[in-house]
$ cat final-v6.cif   # mmCIF, C-alpha atoms and all ligand atoms
data_final
loop_
_atom_site.group_PDB
_atom_site.id
_atom_site.type_symbol
_atom_site.label_atom_id
_atom_site.label_comp_id
_atom_site.auth_asym_id
_atom_site.auth_seq_id
_atom_site.Cartn_x
_atom_site.Cartn_y
_atom_site.Cartn_z
ATOM 1 C CA MET A 1 -20.661 -153.785 -14.180
ATOM 2 C CA ARG A 2 -24.077 -154.206 -15.796
ATOM 3 C CA LEU A 3 -23.448 -151.427 -18.341
ATOM 4 C CA GLN A 4 -19.953 -152.325 -19.531
ATOM 5 C CA GLY A 5 -19.635 -151.310 -23.205
ATOM 6 C CA LYS A 6 -22.640 -148.942 -23.099
ATOM 7 C CA LYS A 7 -22.172 -145.445 -24.505
ATOM 8 C CA ALA A 8 -24.760 -143.129 -22.999
ATOM 9 C CA LEU A 9 -25.811 -139.618 -23.980
ATOM 10 C CA PHE A 10 -27.677 -137.974 -21.089
ATOM 11 C CA PHE A 11 -30.019 -135.106 -22.035
ATOM 12 C CA GLY A 12 -29.992 -133.458 -18.606
ATOM 13 C CA GLY A 13 -27.983 -134.954 -15.779
ATOM 14 C CA ALA A 14 -26.269 -132.173 -13.831
ATOM 15 C CA THR A 15 -28.687 -132.450 -10.901
ATOM 16 C CA GLY A 16 -31.475 -134.542 -9.402
ATOM 17 C CA ILE A 17 -32.567 -137.892 -10.855
ATOM 18 C CA GLY A 18 -30.292 -137.497 -13.887
ATOM 19 C CA ARG A 19 -27.269 -136.920 -11.673
ATOM 20 C CA ALA A 20 -28.005 -139.974 -9.501
ATOM 21 C CA THR A 21 -28.511 -142.013 -12.683
ATOM 22 C CA ALA A 22 -25.219 -140.817 -14.193
ATOM 23 C CA ILE A 23 -23.422 -141.928 -11.011
ATOM 24 C CA GLN A 24 -25.051 -145.383 -11.136
ATOM 25 C CA PHE A 25 -24.264 -145.682 -14.870
ATOM 26 C CA ALA A 26 -20.588 -144.942 -14.129
ATOM 27 C CA GLN A 27 -20.586 -147.393 -11.207
ATOM 28 C CA ASN A 28 -21.814 -150.019 -13.678
ATOM 29 C CA GLY A 29 -19.088 -149.316 -16.220
ATOM 30 C CA ALA A 30 -20.861 -147.128 -18.823
ATOM 31 C CA ASN A 31 -19.049 -144.311 -20.595
ATOM 32 C CA LEU A 32 -21.177 -141.203 -20.794
ATOM 33 C CA VAL A 33 -21.636 -137.707 -22.109
ATOM 34 C CA ILE A 34 -23.723 -135.444 -19.917
ATOM 35 C CA ALA A 35 -25.421 -132.704 -21.938
ATOM 36 C CA ASP A 36 -27.003 -130.008 -19.792
ATOM 37 C CA LEU A 37 -27.929 -126.331 -19.694
ATOM 38 C CA ASN A 38 -26.148 -126.263 -16.334
ATOM 39 C CA ILE A 39 -22.732 -126.844 -17.869
ATOM 40 C CA ASP A 40 -20.817 -126.085 -14.654
ATOM 41 C CA GLY A 41 -22.766 -128.744 -12.748
ATOM 42 C CA ALA A 42 -22.387 -131.224 -15.607
ATOM 43 C CA MET A 43 -18.614 -130.597 -15.834
ATOM 44 C CA GLN A 44 -18.148 -131.039 -12.108
ATOM 45 C CA LEU A 45 -20.073 -134.338 -12.223
ATOM 46 C CA ALA A 46 -18.166 -135.593 -15.288
ATOM 47 C CA GLU A 47 -14.834 -134.896 -13.587
ATOM 48 C CA GLN A 48 -15.985 -136.718 -10.454
ATOM 49 C CA LEU A 49 -17.163 -139.769 -12.427
ATOM 50 C CA SER A 50 -13.959 -139.970 -14.515
ATOM 51 C CA SER A 51 -11.748 -139.926 -11.448
ATOM 52 C CA GLU A 52 -13.852 -142.110 -9.130
ATOM 53 C CA TYR A 53 -14.941 -144.843 -11.549
ATOM 54 C CA GLN A 54 -12.307 -144.779 -14.330
ATOM 55 C CA VAL A 55 -14.954 -144.356 -17.035
ATOM 56 C CA LYS A 56 -15.009 -141.807 -19.821
ATOM 57 C CA ALA A 57 -17.337 -139.005 -18.701
ATOM 58 C CA VAL A 58 -17.533 -135.684 -20.528
ATOM 59 C CA ALA A 59 -19.936 -132.732 -20.195
ATOM 60 C CA VAL A 60 -21.260 -130.761 -23.176
ATOM 61 C CA PRO A 61 -23.563 -127.731 -23.179
ATOM 62 C CA PHE A 62 -27.069 -128.016 -24.585
ATOM 63 C CA ASP A 63 -30.440 -126.314 -24.350
ATOM 64 C CA ILE A 64 -33.386 -128.577 -25.089
ATOM 65 C CA LEU A 65 -35.237 -125.550 -26.538
ATOM 66 C CA ASP A 66 -32.541 -125.185 -29.218
ATOM 67 C CA GLU A 67 -32.665 -127.880 -31.919
ATOM 68 C CA GLU A 68 -29.176 -127.012 -33.214
ATOM 69 C CA SER A 69 -27.654 -127.555 -29.769
ATOM 70 C CA ILE A 70 -29.329 -130.988 -29.605
ATOM 71 C CA LYS A 71 -27.786 -131.937 -32.961
ATOM 72 C CA THR A 72 -24.388 -130.656 -31.809
ATOM 73 C CA ALA A 73 -24.586 -132.638 -28.557
ATOM 74 C CA VAL A 74 -25.339 -135.826 -30.536
ATOM 75 C CA LEU A 75 -22.366 -135.244 -32.872
ATOM 76 C CA GLN A 76 -20.079 -134.505 -29.932
ATOM 77 C CA ALA A 77 -21.243 -137.563 -27.990
ATOM 78 C CA GLU A 78 -20.831 -139.875 -30.983
ATOM 79 C CA ASN A 79 -17.269 -138.600 -31.503
ATOM 80 C CA ILE A 80 -16.302 -138.684 -27.832
ATOM 81 C CA LEU A 81 -17.760 -142.137 -27.110
ATOM 82 C CA GLY A 82 -17.211 -143.763 -30.508
ATOM 83 C CA GLY A 83 -20.969 -144.264 -30.887
ATOM 84 C CA ILE A 84 -24.169 -143.963 -28.851
ATOM 85 C CA THR A 85 -26.139 -146.933 -27.473
ATOM 86 C CA THR A 86 -28.199 -145.409 -24.675
ATOM 87 C CA VAL A 87 -30.178 -142.170 -24.374
ATOM 88 C CA PRO A 88 -31.784 -141.181 -21.073
ATOM 89 C CA ILE A 89 -33.741 -137.913 -21.328
ATOM 90 C CA PHE A 90 -34.337 -135.894 -18.139
ATOM 91 C CA ALA A 91 -34.462 -132.186 -19.049
ATOM 92 C CA ALA A 92 -37.865 -130.756 -18.183
ATOM 93 C CA MET A 93 -39.679 -127.914 -16.435
ATOM 94 C CA MET A 94 -42.626 -127.767 -14.026
ATOM 95 C CA ARG A 95 -44.935 -124.793 -13.451
ATOM 96 C CA THR A 96 -48.109 -124.920 -11.384
ATOM 97 C CA GLY A 97 -51.326 -122.956 -11.062
ATOM 98 C CA ASP A 98 -55.088 -123.233 -11.223
ATOM 99 C CA VAL A 99 -56.263 -123.909 -14.750
ATOM 100 C CA GLU A 100 -58.282 -120.679 -14.941
ATOM 101 C CA ASP A 101 -55.199 -118.607 -14.108
ATOM 102 C CA PHE A 102 -52.764 -120.641 -16.209
ATOM 103 C CA SER A 103 -51.316 -118.579 -19.085
ATOM 104 C CA SER A 104 -51.084 -119.933 -22.611
ATOM 105 C CA GLU A 105 -47.455 -118.742 -22.712
ATOM 106 C CA THR A 106 -46.503 -120.976 -19.769
ATOM 107 C CA TRP A 107 -48.504 -123.832 -21.288
ATOM 108 C CA ASP A 108 -46.512 -123.442 -24.540
ATOM 109 C CA THR A 109 -43.163 -123.248 -22.717
ATOM 110 C CA LEU A 110 -43.831 -126.508 -20.864
ATOM 111 C CA PHE A 111 -44.839 -128.233 -24.105
ATOM 112 C CA ASP A 112 -41.730 -126.834 -25.860
ATOM 113 C CA ILE A 113 -39.356 -128.123 -23.177
ATOM 114 C CA ASN A 114 -41.036 -131.343 -22.048
ATOM 115 C CA VAL A 115 -42.658 -132.648 -25.238
ATOM 116 C CA ARG A 116 -40.956 -130.979 -28.221
ATOM 117 C CA GLY A 117 -37.635 -131.316 -26.392
ATOM 118 C CA THR A 118 -38.083 -135.041 -25.745
ATOM 119 C CA PHE A 119 -39.169 -135.527 -29.376
ATOM 120 C CA LEU A 120 -36.129 -133.677 -30.757
ATOM 121 C CA ALA A 121 -33.633 -135.334 -28.398
ATOM 122 C CA ALA A 122 -34.912 -138.770 -29.445
ATOM 123 C CA LYS A 123 -35.257 -137.866 -33.124
ATOM 124 C CA HIS A 124 -31.692 -136.644 -33.527
ATOM 125 C CA THR A 125 -30.084 -139.606 -31.751
ATOM 126 C CA ILE A 126 -31.923 -142.283 -33.781
ATOM 127 C CA PRO A 127 -29.411 -142.271 -36.681
ATOM 128 C CA ALA A 128 -26.547 -142.813 -34.200
ATOM 129 C CA LEU A 129 -28.444 -145.647 -32.468
ATOM 130 C CA LYS A 130 -29.074 -147.274 -35.853
ATOM 131 C CA ARG A 131 -25.358 -146.995 -36.668
ATOM 132 C CA ALA A 132 -24.648 -148.753 -33.341
ATOM 133 C CA GLY A 133 -26.955 -151.620 -34.342
ATOM 134 C CA GLY A 134 -29.647 -150.705 -31.815
ATOM 135 C CA GLY A 135 -29.972 -149.293 -28.340
ATOM 136 C CA SER A 136 -32.229 -147.970 -25.623
ATOM 137 C CA ILE A 137 -34.000 -144.616 -25.347
ATOM 138 C CA ILE A 138 -35.353 -143.902 -21.862
ATOM 139 C CA THR A 139 -37.711 -140.958 -21.590
ATOM 140 C CA THR A 140 -38.828 -139.425 -18.310
ATOM 141 C CA SER A 141 -42.538 -138.960 -17.765
ATOM 142 C CA SER A 142 -44.199 -138.681 -14.357
ATOM 143 C CA LEU A 143 -46.907 -140.324 -12.296
ATOM 144 C CA ALA A 144 -48.756 -137.033 -12.907
ATOM 145 C CA GLY A 145 -48.745 -137.902 -16.611
ATOM 146 C CA VAL A 146 -51.037 -140.895 -16.080
ATOM 147 C CA ARG A 147 -52.800 -139.986 -12.825
ATOM 148 C CA GLY A 148 -53.187 -136.211 -13.157
ATOM 149 C CA ALA A 149 -52.529 -133.834 -10.269
ATOM 150 C CA PRO A 150 -54.281 -130.633 -9.142
ATOM 151 C CA GLY A 151 -52.337 -127.512 -10.067
ATOM 152 C CA MET A 152 -50.262 -129.362 -12.650
ATOM 153 C CA VAL A 153 -52.558 -128.938 -15.622
ATOM 154 C CA ALA A 154 -49.865 -128.306 -18.233
ATOM 155 C CA TYR A 155 -47.114 -130.372 -16.618
ATOM 156 C CA ALA A 156 -49.341 -133.455 -16.333
ATOM 157 C CA ALA A 157 -50.500 -133.020 -19.934
ATOM 158 C CA THR A 158 -46.902 -132.814 -21.177
ATOM 159 C CA LYS A 159 -45.940 -135.947 -19.275
ATOM 160 C CA GLY A 160 -48.976 -137.803 -20.640
ATOM 161 C CA ALA A 161 -47.771 -136.801 -24.103
ATOM 162 C CA VAL A 162 -44.300 -138.160 -23.298
ATOM 163 C CA VAL A 163 -45.876 -141.551 -22.507
ATOM 164 C CA THR A 164 -47.777 -141.832 -25.801
ATOM 165 C CA PHE A 165 -44.835 -140.417 -27.755
ATOM 166 C CA SER A 166 -42.525 -143.024 -26.207
ATOM 167 C CA LYS A 167 -44.871 -145.935 -26.852
ATOM 168 C CA THR A 168 -45.314 -144.888 -30.477
ATOM 169 C CA LEU A 169 -41.572 -144.433 -30.939
ATOM 170 C CA ALA A 170 -41.013 -147.902 -29.472
ATOM 171 C CA LEU A 171 -43.351 -149.474 -32.022
ATOM 172 C CA GLU A 172 -41.748 -147.569 -34.885
ATOM 173 C CA LEU A 173 -38.170 -148.406 -33.858
ATOM 174 C CA ALA A 174 -38.574 -152.031 -32.765
ATOM 175 C CA PRO A 175 -37.476 -153.345 -36.200
ATOM 176 C CA ASP A 176 -34.215 -151.399 -35.726
ATOM 177 C CA ASN A 177 -33.531 -153.082 -32.366
ATOM 178 C CA ILE A 178 -34.063 -149.756 -30.571
ATOM 179 C CA ARG A 179 -36.083 -150.094 -27.372
ATOM 180 C CA VAL A 180 -37.991 -147.113 -25.947
ATOM 181 C CA ASN A 181 -39.390 -147.035 -22.426
ATOM 182 C CA SER A 182 -40.550 -144.303 -20.113
ATOM 183 C CA VAL A 183 -39.801 -143.942 -16.393
ATOM 184 C CA LEU A 184 -42.596 -142.379 -14.310
ATOM 185 C CA PRO A 185 -41.303 -141.147 -10.948
ATOM 186 C CA GLY A 186 -43.758 -140.236 -8.194
ATOM 187 C CA TRP A 187 -42.843 -137.712 -5.487
ATOM 188 C CA ILE A 188 -39.043 -137.494 -5.594
ATOM 189 C CA ASP A 189 -37.196 -135.113 -3.304
ATOM 190 C CA THR A 190 -35.528 -132.582 -5.645
ATOM 191 C CA PRO A 191 -35.912 -128.803 -6.001
ATOM 192 C CA PHE A 192 -37.712 -129.508 -9.297
ATOM 193 C CA ASN A 193 -40.885 -129.856 -7.196
ATOM 194 C CA ASN A 194 -40.648 -126.380 -5.632
ATOM 195 C CA PRO A 195 -43.482 -124.979 -7.799
ATOM 196 C CA ALA A 196 -45.719 -127.872 -6.661
ATOM 197 C CA ILE A 197 -44.717 -127.386 -3.020
ATOM 198 C CA ASP A 198 -45.555 -123.654 -3.265
ATOM 199 C CA TYR A 199 -48.917 -124.516 -4.844
ATOM 200 C CA MET A 200 -49.661 -126.927 -1.980
ATOM 201 C CA GLY A 201 -48.850 -124.282 0.658
ATOM 202 C CA GLY A 202 -45.287 -125.137 1.654
ATOM 203 C CA HIS A 203 -43.134 -128.070 2.766
ATOM 204 C CA ASP A 204 -45.259 -129.023 5.805
ATOM 205 C CA ALA A 205 -48.423 -129.225 3.727
ATOM 206 C CA GLN A 206 -46.611 -131.278 1.096
ATOM 207 C CA ASP A 207 -45.241 -133.636 3.782
ATOM 208 C CA GLU A 208 -48.759 -134.203 5.065
ATOM 209 C CA VAL A 209 -50.026 -135.039 1.568
ATOM 210 C CA VAL A 210 -47.100 -137.378 0.906
ATOM 211 C CA GLN A 211 -47.632 -139.200 4.228
ATOM 212 C CA GLY A 212 -51.312 -139.536 3.335
ATOM 213 C CA ILE A 213 -51.053 -140.820 -0.208
ATOM 214 C CA VAL A 214 -47.731 -142.621 -0.632
ATOM 215 C CA PRO A 215 -48.143 -146.168 0.724
ATOM 216 C CA LEU A 216 -44.423 -146.404 1.551
ATOM 217 C CA GLY A 217 -44.919 -143.248 3.619
ATOM 218 C CA ARG A 218 -42.110 -141.081 2.293
ATOM 219 C CA GLN A 219 -40.888 -139.174 -0.739
ATOM 220 C CA GLY A 220 -38.474 -141.046 -2.982
ATOM 221 C CA THR A 221 -34.868 -140.020 -3.505
ATOM 222 C CA PRO A 222 -33.111 -139.696 -6.874
ATOM 223 C CA GLU A 223 -31.165 -142.836 -5.873
ATOM 224 C CA ASP A 224 -34.475 -144.728 -5.553
ATOM 225 C CA VAL A 225 -35.312 -143.975 -9.198
ATOM 226 C CA ALA A 226 -31.899 -144.331 -10.869
ATOM 227 C CA PRO A 227 -31.838 -148.185 -10.795
ATOM 228 C CA MET A 228 -34.818 -148.258 -13.155
ATOM 229 C CA TYR A 229 -32.747 -146.381 -15.769
ATOM 230 C CA VAL A 230 -29.815 -148.754 -15.183
ATOM 231 C CA PHE A 231 -32.137 -151.721 -15.739
ATOM 232 C CA LEU A 232 -33.700 -150.235 -18.895
ATOM 233 C CA ALA A 233 -30.227 -149.428 -20.256
ATOM 234 C CA SER A 234 -28.876 -152.905 -19.539
ATOM 235 C CA ASP A 235 -29.265 -156.068 -21.585
ATOM 236 C CA GLU A 236 -31.331 -157.480 -18.687
ATOM 237 C CA SER A 237 -34.278 -155.549 -20.173
ATOM 238 C CA SER A 238 -33.667 -156.687 -23.766
ATOM 239 C CA TYR A 239 -37.292 -157.938 -24.174
ATOM 240 C CA ILE A 240 -38.881 -154.826 -22.638
ATOM 241 C CA THR A 241 -40.034 -151.976 -24.860
ATOM 242 C CA ALA A 242 -43.009 -149.578 -25.135
ATOM 243 C CA LYS A 243 -43.500 -149.742 -21.368
ATOM 244 C CA THR A 244 -44.181 -147.228 -18.602
ATOM 245 C CA MET A 245 -42.191 -148.010 -15.465
ATOM 246 C CA LEU A 246 -43.616 -146.424 -12.309
ATOM 247 C CA VAL A 247 -41.253 -145.703 -9.412
ATOM 248 C CA ASP A 248 -43.599 -144.082 -6.928
ATOM 249 C CA GLY A 249 -43.703 -145.791 -3.530
ATOM 250 C CA GLY A 250 -46.907 -147.623 -4.428
ATOM 251 C CA MET A 251 -49.180 -144.719 -5.349
ATOM 252 C CA PRO A 252 -52.414 -145.619 -7.132
ATOM 253 C CA SER A 253 -52.094 -144.838 -10.818
HETATM 254 N N1 LIG B 1 -38.674 -134.723 -8.799
HETATM 255 C C1 LIG B 1 -39.820 -135.342 -8.994
HETATM 256 O O1 LIG B 1 -40.626 -135.545 -8.057
HETATM 257 C C2 LIG B 1 -40.200 -135.851 -10.356
HETATM 258 C C3 LIG B 1 -41.387 -136.594 -10.457
HETATM 259 C C4 LIG B 1 -41.769 -137.059 -11.700
HETATM 260 C C5 LIG B 1 -40.991 -136.808 -12.811
HETATM 261 N N2 LIG B 1 -39.849 -136.080 -12.681
HETATM 262 C C6 LIG B 1 -39.070 -135.846 -13.897
HETATM 263 O O2 LIG B 1 -37.722 -136.237 -13.683
HETATM 264 C C7 LIG B 1 -36.870 -135.466 -14.542
HETATM 265 C C8 LIG B 1 -35.723 -134.899 -13.745
HETATM 266 O O3 LIG B 1 -36.253 -134.093 -12.708
HETATM 267 P P1 LIG B 1 -35.437 -133.769 -11.367
HETATM 268 O O4 LIG B 1 -36.411 -133.815 -10.265
HETATM 269 O O5 LIG B 1 -34.213 -134.566 -11.321
HETATM 270 O O6 LIG B 1 -35.122 -132.208 -11.611
HETATM 271 P P2 LIG B 1 -33.774 -131.432 -11.928
HETATM 272 O O7 LIG B 1 -34.187 -130.007 -12.108
HETATM 273 O O8 LIG B 1 -32.745 -131.742 -10.896
HETATM 274 O O9 LIG B 1 -33.296 -132.048 -13.297
HETATM 275 C C9 LIG B 1 -33.550 -131.470 -14.559
HETATM 276 C C10 LIG B 1 -32.239 -131.425 -15.324
HETATM 277 O O10 LIG B 1 -32.509 -130.910 -16.633
HETATM 278 C C11 LIG B 1 -31.684 -129.796 -16.881
HETATM 279 N N3 LIG B 1 -32.412 -128.845 -17.726
HETATM 280 C C12 LIG B 1 -33.512 -128.122 -17.369
HETATM 281 N N4 LIG B 1 -33.891 -127.349 -18.389
HETATM 282 C C13 LIG B 1 -33.039 -127.600 -19.423
HETATM 283 C C14 LIG B 1 -32.934 -127.112 -20.734
HETATM 284 N N5 LIG B 1 -33.766 -126.164 -21.217
HETATM 285 N N6 LIG B 1 -31.963 -127.612 -21.544
HETATM 286 C C15 LIG B 1 -31.087 -128.521 -21.056
HETATM 287 N N7 LIG B 1 -31.124 -129.018 -19.808
HETATM 288 C C16 LIG B 1 -32.100 -128.555 -18.989
HETATM 289 C C17 LIG B 1 -31.352 -129.211 -15.509
HETATM 290 O O11 LIG B 1 -30.171 -128.417 -15.544
HETATM 291 C C18 LIG B 1 -31.211 -130.474 -14.682
HETATM 292 O O12 LIG B 1 -29.917 -131.031 -14.790
HETATM 293 C C19 LIG B 1 -37.774 -134.418 -15.206
HETATM 294 O O13 LIG B 1 -38.121 -134.881 -16.489
HETATM 295 C C20 LIG B 1 -39.014 -134.400 -14.320
HETATM 296 O O14 LIG B 1 -40.158 -134.012 -15.029
HETATM 297 C C21 LIG B 1 -39.435 -135.586 -11.489
#
$ encode --input "final-v6.cif" --output "structure tokens"
Amino acid sequence: MRLQGKKALFFGGATGIGRATAIQFAQNGANLVIADLNIDGAMQLAEQLSSEYQVKAVAVPFDILDEESIKTAVLQAENILGGITTVPIFAAMMRTGDVEDFSSETWDTLFDINVRGTFLAAKHTIPALKRAGGGSIITTSSLAGVRGAPGMVAYAATKGAVVTFSKTLALELAPDNIRVNSVLPGWIDTPFNNPAIDYMGGHDAQDEVVQGIVPLGRQGTPEDVAPMYVFLASDESSYITAKTMLVDGGMPS
């Protein structure tokens, strides 16, 4: 029950790392609103969490490309939960390709979703966090955002931007008792990586790369990453802000 009393607004959470994190938040006693474009998936998860863990869990629709829907999700979450203390942000997109073939339209879309979206989700929850007397924003970057990765020219650049955005936000919000940290997963087994797997030549080729470069010798699971969000949401991390937390099986960064 490490998150008893926490009121979390998830930006993304219907699937993958966000879903595993929502489950671990509920297991630790947090109440939560799951905002997602995939409203059916979010509703199904919210119902499961409410019945299995006796927490308040509600799904609301949102599109991270639409600023108004971000504002609406914040208002809804504040009403439903009676405040917001914790804001994990997961929603993102990956597209791959050689830099010479990479279109400026796809570049812009990735920056709109991954960078502008993270900025707006954080921006519009800050007033609610201040009203709550402080809190924790947890952005999601990627190992690619500090290490780079072939074929991920735009994705890696967006995730590098998320790191510097988060550190800057942390410095700006520290006087308000709002901590901001970024989680950087390595290779985690979700369909999110399908564009990267295609770029690498399929699942077998990706497996070979993973075996070769991940010291722990396997891809991570969403459940491997979720505890880092639980820690950063909990009071155990009350002296940790402006940090990048790698969860990557020991990859060189
Ligand atoms: N899987 C990996 O290996 C890996 C590695 C590093 C970083 N990450 C990051 O982890 C985060 C979660 O990725 P995942 O692997 O769990 O993928 P995922 O696709 O399962 O999760 C993304 C979530 O965001 C939601 N979403 C997508 N676009 C949205 C939009 N426009 N508006 C609202 N919601 C939207 C999806 O419905 C989904 O619930 C992402 O930020 C990703 O960049 C993943």
$ atom_distance --input "final-v6.cif" --atom1 "atom C10 of ligand LIG 1 (chain B)" --atom2 "CA of Phe111 in chain A"
15.7 Å
$ residues_near_ligand --input "final-v6.cif" --ligand "ligand LIG 1 (chain B)" --cutoff "9 Å" --atoms "only C-alpha atoms and all ligand atoms" --output "number ranges by chain"
A: 11-20, 35-39, 41-42, 61-66, 89-94, 113-114, 117, 139-145, 155, 159, 183-193, 219-222, 247-248
$ resolve_selection --input "final-v6.cif" --expression "the PyMOL selection byres (((chain A and resi 44-48) around 7) and not hetatm)" --output "PyMOL selection string"
chain A and resi 14+40-43+49-52+57-59
$ write_last_selection --input "final-v6.cif" --atoms "C-alpha atoms" --output "CSV table (one decimal), keeping the file's coordinate frame"
chain,number,residue,atom,x,y,z
A,14,ALA,CA,-26.3,-132.2,-13.8
A,40,ASP,CA,-20.8,-126.1,-14.7
A,41,GLY,CA,-22.8,-128.7,-12.7
A,42,ALA,CA,-22.4,-131.2,-15.6
A,43,MET,CA,-18.6,-130.6,-15.8
A,49,LEU,CA,-17.2,-139.8,-12.4
A,50,SER,CA,-14.0,-140.0,-14.5
A,51,SER,CA,-11.7,-139.9,-11.4
A,52,GLU,CA,-13.9,-142.1,-9.1
A,57,ALA,CA,-17.3,-139.0,-18.7
A,58,VAL,CA,-17.5,-135.7,-20.5
A,59,ALA,CA,-19.9,-132.7,-20.2
$ residues_around --input "final-v6.cif" --residues "Pro252 in chain A" --least-positions-apart "2" --cutoff "10 Å" --atoms "only C-alpha atoms" --output "list in words"
Leu143, Arg147, Ile213, Val214, Pro215, Asp248, Gly249 and Gly250 of chain A
$ closest_residue --input "final-v6.cif" --among "A:Leu171, A:Val146, A:Met152, A:Val33" --to "Met245 in chain A" --atoms "all atoms listed in the file"
A:Val146
$ resolve_selection --input "final-v6.cif" --expression "the PyMOL selection byres (((chain A and resi 129) around 10) and not hetatm)" --output "NGL selection string"
:A and (78 or 83-87 or 122 or 124-128 or 130-137 or 176-178)
$ resolve_selection --input "final-v6.cif" --expression "the PyMOL selection byres (((chain A and resi 73) around 8) and not hetatm)" --output "ChimeraX atom specification"
/A:35,60-62,69-72,74-77
$ atom_distance --input "final-v6.cif" --atom1 "CA of Ile197 in chain A" --atom2 "CA of Arg218 in chain A"
14.9 Å
$ atom_distance --input "final-v6.cif" --atom1 "CA of Asn194 in chain A" --atom2 "CA of Arg116 in chain A"
23.1 Å
$ closest_residue --input "final-v6.cif" --among "A:Phe231, A:Tyr199, A:Phe25, A:Tyr53" --to "Asp98 in chain A" --atoms "only C-alpha atoms"
A:Tyr199
$ closest_residue --input "final-v6.cif" --among "A:Lys56, A:His203, A:Lys7, A:Arg179" --to "Ser238 in chain A" --atoms "all atoms listed in the file"
A:Arg179
$ closest_residue --input "final-v6.cif" --among "A:Ala226, A:Ala174, A:Met251, A:Val162" --to "Leu120 in chain A" --atoms "all atoms listed in the file"
A:Val162
$ closest_residue --input "final-v6.cif" --among "A:Ser253, A:Ser237, A:Ala170, A:Ala205" --to "Ala149 in chain A" --atoms "all atoms listed in the file"
A:Ser253
$ closest_residue --input "final-v6.cif" --among "A:Glu208, A:Asp235, A:Asp108, A:Asp198" --to "Thr158 in chain A" --atoms "only C-alpha atoms"
A:Asp108
$ axis_aligned_box --input "final-v6.cif" --around "range 237-250 of chain A" --padding-each-side "8 Å" --output "lines of an AutoDock Vina configuration file"
center_x = -40.3
center_y = -151.0
center_z = -14.3
size_x = 29.2
size_y = 29.9
size_z = 37.6
